[in-house]
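Source file: data.txt. Holds: compact mmCIF, C-alpha atoms and all ligand atoms.
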```txt
# COMPACT_ATOMS: atom_id res chain seq x y z
CA MET A 87 94.87 197.04 14.22
CA ARG A 88 94.36 194.70 11.26
CA GLU A 89 95.49 194.80 7.67
CA LEU A 90 92.61 193.97 5.35
CA THR A 91 91.83 193.73 1.66
CA ILE A 92 88.44 195.16 0.76
CA ASP A 93 86.49 192.86 -1.58
CA ALA A 94 83.26 194.79 -2.11
CA VAL A 95 80.99 197.52 -0.82
CA GLY A 96 78.14 196.13 1.31
CA ALA A 97 74.48 197.15 1.24
CA GLN A 98 75.03 199.89 3.85
CA GLY A 99 77.83 201.44 1.78
CA ASP A 100 80.70 200.14 3.95
CA GLY A 101 83.76 198.37 2.54
CA LEU A 102 83.55 194.62 3.10
CA SER A 103 86.43 192.23 3.59
CA ARG A 104 84.76 188.86 3.09
CA ASN A 105 87.04 186.63 5.07
CA ALA A 106 89.61 188.85 6.68
CA GLU A 107 92.56 186.62 7.64
CA GLY A 108 90.18 183.67 7.97
CA LYS A 109 88.30 185.47 10.77
CA GLY A 110 85.06 186.08 8.86
CA ALA A 111 83.56 189.22 7.31
CA ALA A 112 84.73 192.66 8.40
CA PHE A 113 83.11 196.00 7.52
CA VAL A 114 85.20 199.14 7.18
CA PRO A 115 83.36 202.35 6.21
CA LEU A 116 84.88 204.78 3.68
CA THR A 117 86.90 202.10 1.87
CA LEU A 118 86.59 200.73 -1.67
CA PRO A 119 86.91 197.38 -3.47
CA GLY A 120 90.53 196.38 -4.10
CA GLU A 121 91.96 198.62 -1.38
CA ARG A 122 94.42 197.40 1.25
CA VAL A 123 93.81 199.16 4.53
CA LEU A 124 94.88 199.22 8.17
CA ALA A 125 91.78 199.31 10.39
CA ASN A 126 91.06 199.60 14.08
CA MET A 127 88.55 196.81 14.63
CA GLU A 128 85.77 196.46 17.16
CA GLY A 129 84.27 193.05 16.52
CA ALA A 130 83.33 192.81 12.85
CA ARG A 131 83.36 196.60 12.33
CA GLY A 132 86.37 198.78 11.90
CA GLU A 133 87.47 202.35 11.30
CA VAL A 134 90.14 202.90 8.71
CA ALA A 135 93.47 204.06 10.19
CA GLU A 136 95.48 204.10 6.95
CA ILE A 137 94.86 203.31 3.31
CA LEU A 138 97.92 201.32 2.27
CA ALA A 139 96.91 200.86 -1.38
CA PRO A 140 94.11 203.15 -2.62
CA SER A 141 91.70 202.15 -5.37
CA PRO A 142 92.09 203.94 -8.74
CA ASP A 143 88.36 204.72 -8.32
CA ARG A 144 88.97 206.74 -5.14
CA VAL A 145 88.15 210.45 -5.64
CA THR A 146 88.35 213.53 -3.44
CA PRO A 147 85.04 213.92 -1.59
CA PRO A 148 83.36 217.23 -2.50
CA CYS A 149 82.16 218.02 1.03
CA ARG A 150 84.25 219.11 4.01
CA HIS A 151 81.84 217.25 6.37
CA PHE A 152 82.28 213.90 4.58
CA GLY A 153 83.52 211.15 6.87
CA THR A 154 82.08 212.78 9.99
CA CYS A 155 78.54 213.51 8.77
CA GLY A 156 76.30 210.45 8.63
CA GLY A 157 74.34 211.77 5.63
CA CYS A 158 76.71 210.51 2.91
CA ALA A 159 78.61 207.22 2.74
CA LEU A 160 80.08 207.12 -0.77
CA GLN A 161 81.43 210.52 -1.84
CA HIS A 162 84.90 208.99 -2.14
CA TRP A 163 83.87 206.75 -5.08
CA ALA A 164 84.04 207.70 -8.79
CA ALA A 165 80.62 208.15 -10.41
CA GLU A 166 80.72 205.18 -12.79
CA PRO A 167 81.52 202.34 -10.32
CA TYR A 168 79.30 204.03 -7.71
CA LEU A 169 76.25 204.01 -10.03
CA ALA A 170 77.03 200.47 -11.21
CA TRP A 171 77.11 199.41 -7.52
CA LYS A 172 73.59 200.82 -7.05
CA ALA A 173 72.30 198.75 -9.99
CA GLU A 174 74.15 195.70 -8.64
CA GLN A 175 72.38 196.05 -5.27
CA VAL A 176 69.05 195.79 -7.09
CA ARG A 177 70.25 192.71 -8.97
CA LEU A 178 71.43 191.08 -5.72
CA GLN A 179 68.10 191.67 -3.95
CA LEU A 180 66.22 190.21 -6.92
CA SER A 181 68.52 187.18 -7.09
CA MET A 182 67.82 186.49 -3.38
CA GLU A 183 64.19 185.98 -4.43
CA GLY A 184 65.22 183.87 -7.42
CA LEU A 185 64.45 186.66 -9.92
CA GLU A 186 66.37 188.04 -12.88
CA THR A 187 65.54 190.87 -15.23
CA GLU A 188 66.95 193.60 -17.43
CA ILE A 189 68.41 196.29 -15.19
CA LEU A 190 68.57 199.61 -17.01
CA PRO A 191 71.44 202.07 -16.40
CA THR A 192 70.93 203.89 -13.10
CA PHE A 193 69.33 207.32 -13.40
CA ALA A 194 71.67 209.69 -11.57
CA ALA A 195 70.07 212.67 -9.86
CA PRO A 196 72.47 215.62 -9.93
CA PRO A 197 74.11 216.90 -6.72
CA ALA A 198 72.82 220.20 -5.28
CA SER A 199 69.23 219.29 -6.11
CA ARG A 200 67.72 217.87 -2.94
CA ARG A 201 64.66 219.86 -1.89
CA ARG A 202 63.82 218.01 1.33
CA VAL A 203 66.08 217.57 4.34
CA ALA A 204 65.61 216.68 8.00
CA LEU A 205 67.90 218.89 10.10
CA HIS A 206 68.48 218.19 13.78
CA ALA A 207 68.85 221.09 16.22
CA ARG A 208 70.80 221.19 19.48
CA LYS A 209 71.72 223.95 21.89
CA GLY A 210 75.04 225.55 20.93
CA PRO A 211 77.68 226.92 23.30
CA LYS A 212 76.39 229.82 25.45
CA GLY A 213 75.41 232.81 23.31
CA ALA A 214 76.07 230.92 20.03
CA GLY A 215 72.40 230.13 19.24
CA ALA A 216 71.19 226.75 17.96
CA LEU A 217 73.38 224.27 16.11
CA LEU A 218 71.78 222.72 13.07
CA GLY A 219 72.95 219.70 11.14
CA PHE A 220 72.86 215.97 10.48
CA LYS A 221 73.64 213.03 12.76
CA GLU A 222 77.28 212.00 12.95
CA ARG A 223 78.24 208.73 11.29
CA ARG A 224 77.67 205.82 13.74
CA SER A 225 76.64 208.19 16.54
CA TRP A 226 73.74 210.32 17.85
CA SER A 227 75.93 213.42 18.03
CA LEU A 228 75.24 216.31 15.70
CA VAL A 229 77.51 217.55 12.93
CA PRO A 230 76.72 221.25 12.50
CA ILE A 231 76.41 221.77 8.75
CA LYS A 232 77.92 224.71 6.91
CA GLU A 233 77.67 223.26 3.41
CA CYS A 234 75.91 220.31 1.78
CA PRO A 235 76.72 219.50 -1.85
CA VAL A 236 73.70 217.20 -2.05
CA THR A 237 71.15 219.87 -1.16
CA ASP A 238 69.63 222.65 -3.27
CA PRO A 239 71.79 225.77 -2.70
CA ARG A 240 68.66 227.84 -1.90
CA LEU A 241 68.06 225.56 1.08
CA VAL A 242 71.74 225.62 2.08
CA ALA A 243 71.69 229.45 1.95
CA ALA A 244 68.80 229.39 4.45
CA LEU A 245 70.78 227.41 7.09
CA PRO A 246 71.60 230.45 9.28
CA ALA A 247 67.92 231.57 9.21
CA LEU A 248 66.82 227.98 9.97
CA ALA A 249 69.21 227.89 12.96
CA ARG A 250 67.58 231.09 14.26
CA LEU A 251 64.16 229.47 13.77
CA ALA A 252 65.28 226.34 15.67
CA GLU A 253 66.38 228.30 18.74
CA PRO A 254 62.92 228.87 20.38
CA PHE A 255 62.04 225.18 19.87
CA LEU A 256 64.94 224.31 22.21
CA GLU A 257 63.46 226.07 25.26
CA HIS A 258 62.68 222.78 27.06
CA PRO A 259 65.85 220.83 28.01
CA LYS A 260 64.25 217.54 26.89
CA SER A 261 63.45 218.83 23.40
CA ALA A 262 65.52 217.47 20.50
CA PRO A 263 63.87 219.21 17.54
CA THR A 264 64.10 218.05 13.97
CA LEU A 265 63.27 220.54 11.23
CA HIS A 266 61.73 218.78 8.20
CA VAL A 267 62.42 221.38 5.55
CA THR A 268 60.87 221.34 2.06
CA LEU A 269 61.74 223.82 -0.66
CA THR A 270 58.43 224.55 -2.43
CA GLY A 271 57.49 226.88 -5.27
CA THR A 272 56.48 229.53 -2.71
CA GLY A 273 59.39 229.20 -0.28
CA LEU A 274 60.48 226.96 2.55
CA ASP A 275 57.91 224.83 4.40
CA ILE A 276 59.16 223.62 7.78
CA ASP A 277 57.53 221.05 10.05
CA VAL A 278 59.20 220.75 13.45
CA THR A 279 59.04 217.51 15.43
CA GLY A 280 60.78 216.30 18.61
CA VAL A 281 59.65 219.17 20.85
CA GLU A 282 58.81 218.17 24.44
CA ARG A 283 55.03 218.56 24.77
CA LYS A 284 54.21 216.99 28.15
CA SER A 285 55.07 220.22 29.94
CA GLY A 286 52.54 222.20 27.87
CA GLY A 287 54.56 222.47 24.63
CA LEU A 288 56.03 225.75 23.43
CA SER A 289 55.51 228.82 25.61
CA ALA A 290 53.71 231.83 24.10
CA ASP A 291 57.04 233.67 24.13
CA ALA A 292 58.82 230.87 22.22
CA ARG A 293 56.00 230.75 19.66
CA MET A 294 56.31 234.49 19.14
CA ARG A 295 60.10 234.23 18.68
CA ALA A 296 59.61 231.33 16.24
CA ALA A 297 57.10 233.38 14.21
CA MET A 298 59.49 236.36 14.15
CA ALA A 299 62.40 234.16 13.00
CA ALA A 300 60.14 232.63 10.31
CA SER A 301 59.13 236.07 9.10
CA GLU A 302 62.78 237.27 9.04
CA GLY A 303 63.71 234.12 7.09
CA ASP A 304 60.81 234.76 4.66
CA PHE A 305 59.61 231.18 5.12
CA ALA A 306 56.28 230.12 3.62
CA ARG A 307 55.06 228.19 6.65
CA VAL A 308 56.25 226.73 9.96
CA THR A 309 54.28 223.97 11.70
CA LEU A 310 54.91 222.15 14.97
CA ALA A 311 54.01 218.47 14.43
CA GLY A 312 51.38 219.61 11.94
CA GLU A 313 50.01 222.59 13.90
CA THR A 314 50.61 225.99 12.31
CA VAL A 315 53.02 228.29 14.15
CA TYR A 316 53.56 230.68 11.24
CA GLY A 317 51.89 230.88 7.84
CA ALA A 318 52.80 233.56 5.30
CA ARG A 319 51.94 231.62 2.14
CA GLN A 320 50.62 228.19 1.22
CA PRO A 321 53.54 225.92 0.27
CA LEU A 322 52.75 225.03 -3.34
CA VAL A 323 54.26 222.42 -5.66
CA LYS A 324 53.45 221.65 -9.28
CA LEU A 325 52.64 218.01 -10.09
CA GLY A 326 51.86 217.61 -13.78
CA GLN A 327 49.46 220.45 -14.49
CA ALA A 328 48.14 220.52 -10.90
CA VAL A 329 49.20 223.05 -8.28
CA VAL A 330 49.11 221.27 -4.92
CA ALA A 331 49.11 222.96 -1.50
CA LEU A 332 51.21 220.63 0.65
CA PRO A 333 49.73 219.54 3.98
CA PRO A 334 52.24 219.84 6.87
CA GLY A 335 54.80 217.03 6.84
CA ALA A 336 53.37 215.52 3.62
CA PHE A 337 55.45 213.07 1.60
CA LEU A 338 57.13 214.56 -1.47
CA GLN A 339 59.91 212.97 -3.56
CA ALA A 340 63.20 214.38 -2.26
CA VAL A 341 64.73 215.41 -5.61
CA PRO A 342 62.71 216.95 -8.48
CA ALA A 343 64.93 215.39 -11.19
CA ALA A 344 64.49 211.90 -9.68
CA GLU A 345 60.75 212.48 -9.39
CA ARG A 346 60.63 213.52 -13.05
CA ALA A 347 62.61 210.44 -14.12
CA MET A 348 60.34 208.06 -12.20
CA VAL A 349 57.11 209.76 -13.31
CA ASP A 350 58.19 210.04 -16.99
CA PHE A 351 59.23 206.38 -17.05
CA THR A 352 55.93 205.33 -15.43
CA VAL A 353 53.82 207.47 -17.77
CA ALA A 354 55.62 206.05 -20.82
CA GLU A 355 54.93 202.51 -19.58
CA ALA A 356 51.27 203.27 -18.79
CA GLN A 357 50.39 204.60 -22.27
CA GLY A 358 47.26 203.08 -23.79
CA ALA A 359 45.53 202.34 -20.48
CA SER A 360 41.99 203.59 -20.07
CA ARG A 361 41.67 202.84 -16.33
CA LEU A 362 44.53 203.07 -13.89
CA ALA A 363 45.05 202.69 -10.16
CA ASP A 364 47.63 204.81 -8.32
CA LEU A 365 48.13 203.11 -4.95
CA TYR A 366 50.03 204.91 -2.18
CA CYS A 367 49.47 208.06 -4.22
CA GLY A 368 50.55 210.71 -1.66
CA VAL A 369 49.51 214.18 -2.83
CA GLY A 370 49.33 213.02 -6.46
CA THR A 371 52.92 212.93 -7.74
CA PHE A 372 51.97 210.24 -10.28
CA THR A 373 48.18 210.73 -10.25
CA PHE A 374 47.93 213.97 -12.21
CA ARG A 375 50.27 212.74 -14.94
CA LEU A 376 48.47 209.38 -15.16
CA ALA A 377 45.12 211.20 -15.50
CA GLU A 378 46.42 212.58 -18.81
CA ILE A 379 46.20 208.95 -20.04
CA GLY A 380 43.08 207.49 -18.41
CA ALA A 381 40.75 207.53 -15.41
CA VAL A 382 42.64 207.09 -12.13
CA HIS A 383 41.61 205.49 -8.85
CA ALA A 384 44.06 207.04 -6.36
CA ALA A 385 44.36 205.70 -2.80
CA GLU A 386 46.51 206.71 0.13
CA MET A 387 46.32 206.48 3.94
CA SER A 388 46.87 210.16 4.73
CA ALA A 389 43.53 212.01 4.73
CA PRO A 390 45.23 215.46 4.48
CA ALA A 391 47.19 214.25 1.42
CA ILE A 392 43.97 213.08 -0.26
CA GLU A 393 42.25 216.38 0.62
CA ALA A 394 45.16 218.30 -0.93
CA LEU A 395 45.00 216.11 -4.04
CA LYS A 396 41.24 216.63 -4.39
CA THR A 397 41.54 220.40 -3.93
CA ALA A 398 44.32 220.52 -6.54
CA MET A 399 42.04 218.85 -9.09
CA GLY A 400 40.42 222.31 -9.33
CA SER A 401 43.67 223.70 -10.80
CA THR A 402 43.62 221.24 -13.73
CA SER A 403 41.68 221.02 -16.96
CA GLY A 404 41.14 218.32 -19.56
CA LEU A 405 42.28 215.45 -17.35
CA LYS A 406 40.45 212.11 -17.22
CA PRO A 407 38.42 211.58 -14.01
CA ILE A 408 40.31 211.05 -10.73
CA HIS A 409 38.65 209.19 -7.87
CA ALA A 410 40.76 209.77 -4.76
CA GLU A 411 40.16 208.04 -1.43
CA ALA A 412 41.88 207.97 1.97
CA ARG A 413 42.42 204.30 2.65
CA ASP A 414 44.81 202.17 4.66
CA LEU A 415 46.09 199.77 2.01
CA VAL A 416 47.54 197.36 4.58
CA ARG A 417 44.29 196.88 6.50
CA ARG A 418 42.00 197.50 3.55
CA PRO A 419 43.86 196.85 0.27
CA VAL A 420 42.04 197.62 -2.98
CA LEU A 421 40.40 194.26 -3.70
CA SER A 422 40.94 192.19 -6.83
CA THR A 423 37.23 192.67 -7.61
CA GLU A 424 37.65 196.46 -7.41
CA LEU A 425 40.50 196.15 -9.93
CA ALA A 426 38.30 194.21 -12.38
CA LYS A 427 38.31 196.97 -15.03
CA THR A 428 41.77 198.34 -14.28
CA ASP A 429 44.42 198.02 -17.01
CA VAL A 430 47.47 199.31 -15.17
CA VAL A 431 48.30 199.53 -11.45
CA VAL A 432 50.98 201.94 -10.27
CA ILE A 433 52.09 201.21 -6.73
CA ASP A 434 54.54 203.21 -4.61
CA PRO A 435 54.55 201.91 -1.01
CA PRO A 436 56.79 202.99 1.90
CA ARG A 437 59.93 201.00 2.80
CA ALA A 438 57.90 198.16 4.33
CA GLY A 439 56.57 197.22 0.88
CA ALA A 440 53.04 196.26 -0.07
CA ALA A 441 52.56 192.57 0.80
CA GLU A 442 48.78 192.80 1.48
CA GLN A 443 48.02 194.92 -1.58
CA THR A 444 50.18 192.66 -3.75
CA VAL A 445 48.02 189.64 -2.82
CA GLU A 446 44.98 191.44 -4.28
CA ILE A 447 46.81 192.54 -7.43
CA ALA A 448 48.02 188.96 -7.89
CA LYS A 449 44.41 187.67 -7.65
CA SER A 450 43.11 190.30 -10.12
CA LYS A 451 43.14 190.24 -13.93
CA VAL A 452 45.35 193.37 -14.15
CA ALA A 453 47.78 193.02 -17.07
CA LYS A 454 50.45 195.55 -16.07
CA VAL A 455 51.94 196.69 -12.77
CA ILE A 456 54.43 199.53 -12.44
CA SER A 457 56.04 199.33 -9.04
CA VAL A 458 57.95 202.28 -7.57
CA SER A 459 60.04 201.46 -4.53
CA CYS A 460 62.53 202.97 -2.09
CA ASN A 461 63.54 199.53 -0.81
CA PRO A 462 64.89 196.92 -3.26
CA GLY A 463 64.54 194.23 -0.55
CA THR A 464 60.77 194.58 -0.07
CA PHE A 465 60.36 195.30 -3.79
CA ALA A 466 61.97 191.92 -4.55
CA LYS A 467 59.67 190.13 -2.10
CA ASP A 468 56.55 191.71 -3.62
CA ALA A 469 57.97 191.06 -7.10
CA ARG A 470 58.28 187.38 -6.32
CA ALA A 471 54.60 187.23 -5.27
CA LEU A 472 53.63 188.85 -8.59
CA VAL A 473 55.85 186.49 -10.61
CA GLU A 474 54.33 183.50 -8.81
CA ALA A 475 50.91 184.84 -9.93
CA GLY A 476 51.99 184.78 -13.59
CA PHE A 477 53.58 188.22 -14.05
CA ARG A 478 56.92 188.68 -15.80
CA LEU A 479 59.31 191.28 -14.43
CA GLU A 480 60.20 193.02 -17.70
CA LYS A 481 62.78 195.55 -16.47
CA VAL A 482 63.89 197.72 -13.60
CA LEU A 483 65.08 201.31 -13.65
CA PRO A 484 67.34 202.05 -10.64
CA VAL A 485 67.18 205.68 -9.55
CA ASP A 486 69.91 207.34 -7.51
CA GLN A 487 67.76 209.90 -5.72
CA PHE A 488 69.75 210.02 -2.47
CA VAL A 489 73.11 210.84 -3.99
CA TRP A 490 76.19 209.39 -2.19
CA SER A 491 74.01 207.48 0.29
CA PRO A 492 73.50 203.71 0.06
CA HIS A 493 69.76 204.22 -0.60
CA ILE A 494 68.33 203.10 -3.92
CA GLU A 495 64.97 203.85 -5.51
CA LEU A 496 63.66 201.95 -8.49
CA VAL A 497 60.77 201.49 -10.86
CA GLY A 498 59.92 197.94 -11.99
CA VAL A 499 57.57 196.96 -14.81
CA PHE A 500 55.54 193.72 -14.66
CA THR A 501 53.30 192.34 -17.41
CA ARG A 502 51.20 189.23 -17.98
C1 LIG B 1 56.86 206.45 -0.94
S1 LIG B 1 55.48 207.47 -0.57
C2 LIG B 1 54.84 207.70 -2.20
C3 LIG B 1 53.84 208.80 -2.36
C4 LIG B 1 53.58 209.25 -3.79
N1 LIG B 1 53.39 208.16 -4.70
C5 LIG B 1 54.70 210.15 -4.28
O1 LIG B 1 55.49 209.73 -5.14
O2 LIG B 1 54.79 211.31 -3.83
C6 LIG B 1 54.41 206.33 0.19
C7 LIG B 1 53.06 206.85 0.57
O3 LIG B 1 52.36 205.79 1.23
C8 LIG B 1 51.54 206.33 2.24
N2 LIG B 1 51.24 205.22 3.16
C9 LIG B 1 52.02 204.73 4.16
N3 LIG B 1 51.41 203.66 4.74
C10 LIG B 1 50.23 203.48 4.09
C11 LIG B 1 49.17 202.56 4.22
N4 LIG B 1 49.20 201.60 5.16
N5 LIG B 1 48.12 202.65 3.38
C12 LIG B 1 48.09 203.61 2.43
N6 LIG B 1 49.06 204.53 2.26
C13 LIG B 1 50.12 204.48 3.09
C14 LIG B 1 52.34 207.47 2.81
O4 LIG B 1 51.49 208.40 3.43
C15 LIG B 1 53.03 208.02 1.56
O5 LIG B 1 52.27 209.05 0.98
```
Once more with this new file: its structure as structure tokens, please.
Ligand SMILES: C[S@@+](CC[C@H](N)C(=O)[O-])C[C@H]1O[C@@H](n2cnc3c(N)ncnc32)[C@H](O)[C@@H]1O
Amino acid sequence: MRELTIDAVGAQGDGLSRNAEGKGAAFVPLTLPGERVLANMEGARGEVAEILAPSPDRVTPPCRHFGTCGGCALQHWAAEPYLAWKAEQVRLQLSMEGLETEILPTFAAPPASRRRVALHARKGPKGAGALLGFKERRSWSLVPIKECPVTDPRLVAALPALARLAEPFLEHPKSAPTLHVTLTGTGLDIDVTGVERKSGGLSADARMRAAMAASEGDFARVTLAGETVYGARQPLVKLGQAVVALPPGAFLQAVPAAERAMVDFTVAEAQGASRLADLYCGVGTFTFRLAEIGAVHAAEMSAPAIEALKTAMGSTSGLKPIHAEARDLVRRPVLSTELAKTDVVVIDPPRAGAAEQTVEIAKSKVAKVISVSCNPGTFAKDARALVEAGFRLEKVLPVDQFVWSPHIELVGVFTR
């Protein structure tokens, strides 16, 4: 047991004692800057045993699962310092690349608004059906979830029906199913992964039971790693004026309010452009709004996402032309020559960033880049490459999409 003073909250959301009793850095989850705590240590990591002097910024966590559930790390922190910490993480990542810019106040997505969750299923005690929940903090065990203040209440209300749906997917002892659930305009869309397939996949009986559970739950669609098990309605979402039928397992921003904030900010910055590129476009979250401004070249690796985007173009009117192509932007980035007439590039890569595509943007004559990112670390690396090519990082909008987690989204604006 050690007594520690917490100096800061680290990038993973754990309290950090920088030089605890001269023994180097120690991380203690669920603690806050300024607190004195007693912690049971295992190497450099500890679990808090007692809070000797709590921070005035400590608040009562809204969820009964907080502390056990690995989904949230920061429910015990007051909103203001918590949001300032998110902005500070962006500043720190930029400073590691030698960059500075204006960091706007963090956009805070409201609780109870998450429309996408990944729920893990495990066999429950005999006769109790499937258990459904999130991974435990620092463990692979499951925390069965009864409430989730982060998630849209319509999705939370469906938890018992989702547990009944999960049950047939557990028929093989080696299966560890994950239900990727998306709340769409036409109901819940569920893609199940982690089902043992070597032994022939789901039996006909299990499929039938899954379809019955889906029908009882009034779900829109259930797919097993992309293959339809049950389909009552197409899962539809509205993106700008387009109505998009989601392909199974497609990417969609997790919180509508955060999506709106990022798209509105991007659209405001892109005004005046006559030709735009939307790279890593997904099913068109930014594309359809950008096509209200100018012609859009949209590119994305997932062929089903591009098909969905193209089909949805039929539900729009009066937009500027959209050219959408399925393209791996790591192996085959859009070349600087292809960007010759482009005024504004919007780029929204996965966590790994967009090093290869950034090289081509840097070589091009593009005057403005709007970069959307879910990883401030890779954003900062790509930002540095753009700055070295003559761009100025004008400002960054941090977006707290994954409320009470250490994750940070952002939109950065570059001009030259
Ligand atoms: C963060 S999502 C953004 C999608 C979209 N802009 C949105 O907001 O809904 C990143 C997208 O990049 C796509 N992607 C991942 N690797 C890729 C690659 N190598 N080339 C092109 N697209 C890729 C994914 O399929 C996903 O749709």
Box time for ligand LIG 1 (chain B): axis-aligned, enclosing all its listed atoms, 3 Å extra on each side; report centre and edge lengths in Å to one decimal, as lines of an AutoDock Vina configuration file.
```
center_x = 52.5
center_y = 206.5
center_z = 0.0
size_x = 14.8
size_y = 15.7
size_z = 16.3
```
Exercise for review: Would you list the contacts of Gly335 in chain A as JSON, numbers by chain, taking every protein, DNA or RNA residue within 12 Å and counting all atoms listed in the file, but skipping same-chain residues closer than 3 positions in sequence?
Suggested key: {"A": [202, 203, 204, 264, 265, 266, 267, 268, 275, 276, 277, 278, 279, 307, 308, 309, 310, 311, 312, 313, 314, 321, 331, 332, 338, 368, 369, 388, 390, 391]}
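Of the listed residues A:Gln443, A:Ser261, A:Thr91, A:Ser360, the one whose atoms come nearest to ligand LIG 1 (chain B) is A:Gln443, with distances taken using only C-alpha atoms and all ligand atoms.
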Check your understanding: Between A:Pro435, A:Gly99, A:Gly184, A:Gly317, which has the minimum distance to ligand LIG 1 (chain B) (counting all atoms listed in the file)?
Key ->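 Looking only at the distances to ligand LIG 1 (chain B), the closest residue turns out to be A:Pro435.
Every protein or nucleic acid residue with an atom no more than 10 Å from Glu378 in chain A, counting all atoms listed in the file and leaving out same-chain residues fewer than 6 positions away, appears here: Gly326, Gln327, Val353, Gln357, Ser403, Gly404, Leu405, Lys406 and Pro407 of chain A.
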Review point. Which is closer to Arg240 in chain A than all the others in A:Leu269, A:Ile456, A:Ala356, A:Val420, using all atoms listed in the file?
Key: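 Smallest distance to Arg240 in chain A is found for A:Leu269.
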Check your understanding: Do you know which residues are at most 12 Å from Ala453 in chain A counting only C-alpha atoms, after dropping those on the same chain fewer than 5 positions away, and could you put them as a PyMOL selection string?
Key -> chain A and resi 356+359+361-362+425-432+447-448+472+475-479+499-502
Exercise for review: Counting all atoms listed in the file, figure out which residue out of A:Val455, A:Val329, A:Val134, A:Pro419 gets nearest to Ala398 in chain A.
Suggested key: A:Val329
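Relative to atom C1 of ligand LIG 1 (chain B), CA of Glu222 in chain A is found at 25.3 Å.
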Under the rule of at most 10 Å, produce a per-residue listing of chain A near ligand LIG 1 (chain B): chain, number, name, the closest pair of atoms, and the distance in Å, as CSV, using all atoms listed in the file.
```
residue,atom,partner,partner_atom,distance
A:Leu325,CA,B:LIG1,O2,9.4
A:Gly335,CA,B:LIG1,O4,9.9
A:Ala336,CA,B:LIG1,O5,7.1
A:Phe337,CA,B:LIG1,O5,5.2
A:Leu338,CA,B:LIG1,O2,4.6
A:Gln339,CA,B:LIG1,O2,5.4
A:Ala340,CA,B:LIG1,O2,9.1
A:Glu345,CA,B:LIG1,O1,7.3
A:Met348,CA,B:LIG1,O1,8.7
A:Val349,CA,B:LIG1,O1,8.3
A:Asp364,CA,B:LIG1,N1,7.6
A:Leu365,CA,B:LIG1,N1,7.3
A:Tyr366,CA,B:LIG1,O3,4.2
A:Cys367,CA,B:LIG1,N1,4.0
A:Gly368,CA,B:LIG1,O5,3.6
A:Val369,CA,B:LIG1,O2,6.1
A:Gly370,CA,B:LIG1,C4,6.3
A:Thr371,CA,B:LIG1,O2,4.6
A:Phe372,CA,B:LIG1,N1,6.1
A:Thr373,CA,B:LIG1,N1,8.0
A:Ala384,CA,B:LIG1,N1,9.5
A:Ala385,CA,B:LIG1,C12,6.8
A:Glu386,CA,B:LIG1,N6,4.0
A:Met387,CA,B:LIG1,C12,3.7
A:Ser388,CA,B:LIG1,O4,5.1
A:Ala389,CA,B:LIG1,O4,8.8
A:Pro390,CA,B:LIG1,O4,9.5
A:Ala391,CA,B:LIG1,O5,7.3
A:Ile392,CA,B:LIG1,O5,9.3
A:Glu411,CA,B:LIG1,C12,9.9
A:Ala412,CA,B:LIG1,C12,7.6
A:Arg413,CA,B:LIG1,C12,5.7
A:Asp414,CA,B:LIG1,N5,3.6
A:Leu415,CA,B:LIG1,N5,3.8
A:Val416,CA,B:LIG1,N4,4.6
A:Arg417,CA,B:LIG1,N4,6.9
A:Arg418,CA,B:LIG1,N5,8.0
A:Pro419,CA,B:LIG1,N5,7.8
A:Val432,CA,B:LIG1,N1,8.7
A:Ile433,CA,B:LIG1,N1,7.4
A:Asp434,CA,B:LIG1,N1,5.1
A:Pro435,CA,B:LIG1,C6,4.6
A:Pro436,CA,B:LIG1,C6,4.4
A:Arg437,CA,B:LIG1,C1,7.3
A:Ala438,CA,B:LIG1,N3,8.5
A:Gly439,CA,B:LIG1,N3,9.1
A:Ala440,CA,B:LIG1,N4,8.4
A:Glu442,CA,B:LIG1,N4,9.5
A:Gln443,CA,B:LIG1,N5,9.2
A:Val458,CA,B:LIG1,C1,7.9
A:Ser459,CA,B:LIG1,C1,6.9
A:Cys460,CA,B:LIG1,C1,6.8
A:Asn461,CA,B:LIG1,C1,9.6
A:Glu495,CA,B:LIG1,C1,9.7
```
Exercise for review: Go through A:Pro142, A:Asn105, A:Pro342, A:Ala377 and flag the residue nearest Val323 in chain A, using all atoms listed in the file for the distances.
Suggested key: A:Pro342
Point to revise | One-decimal distance in Å that lies between CA of Phe351 in chain A and CA of Glu174 in chain A | key: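 Result for CA of Glu174 in chain A versus CA of Phe351 in chain A: 20.2 Å, one decimal.
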**Study point:** Nearest-residue call for Ala471 in chain A, choices A:Leu102, A:Ser422, A:Gly157, A:Glu183, using all atoms listed in the file
**Key:** A:Glu183
Practice item. Show which residues sit within 10 Å of Thr146 in chain A, as a list of chain:residue names. Count all atoms listed in the file, and ignore same-chain residues fewer than 2 positions away. Key: A:Arg144, A:Pro148, A:Cys149, A:Gln161, A:His162, A:Trp163, A:Ala164
Review point. In Å to one decimal, how far is CA of Ala112 in chain A from CA of Val236 in chain A?
Key: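 Those two atoms sit 28.9 Å apart.
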Check your understanding: Within 12 Å of Gly120 in chain A, counting only C-alpha atoms, which residues qualify if same-chain residues fewer than 5 places away don't, as a list in words?
Key ->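 The contact residues come out as Leu90, Thr91, Ile92, Asp93, Ala94, Val95, Gly101, Leu102, Ser103, Arg104, Ile137, Leu138, Ala139, Pro140, Ser141, Pro142, Asp143 and Arg144 of chain A.
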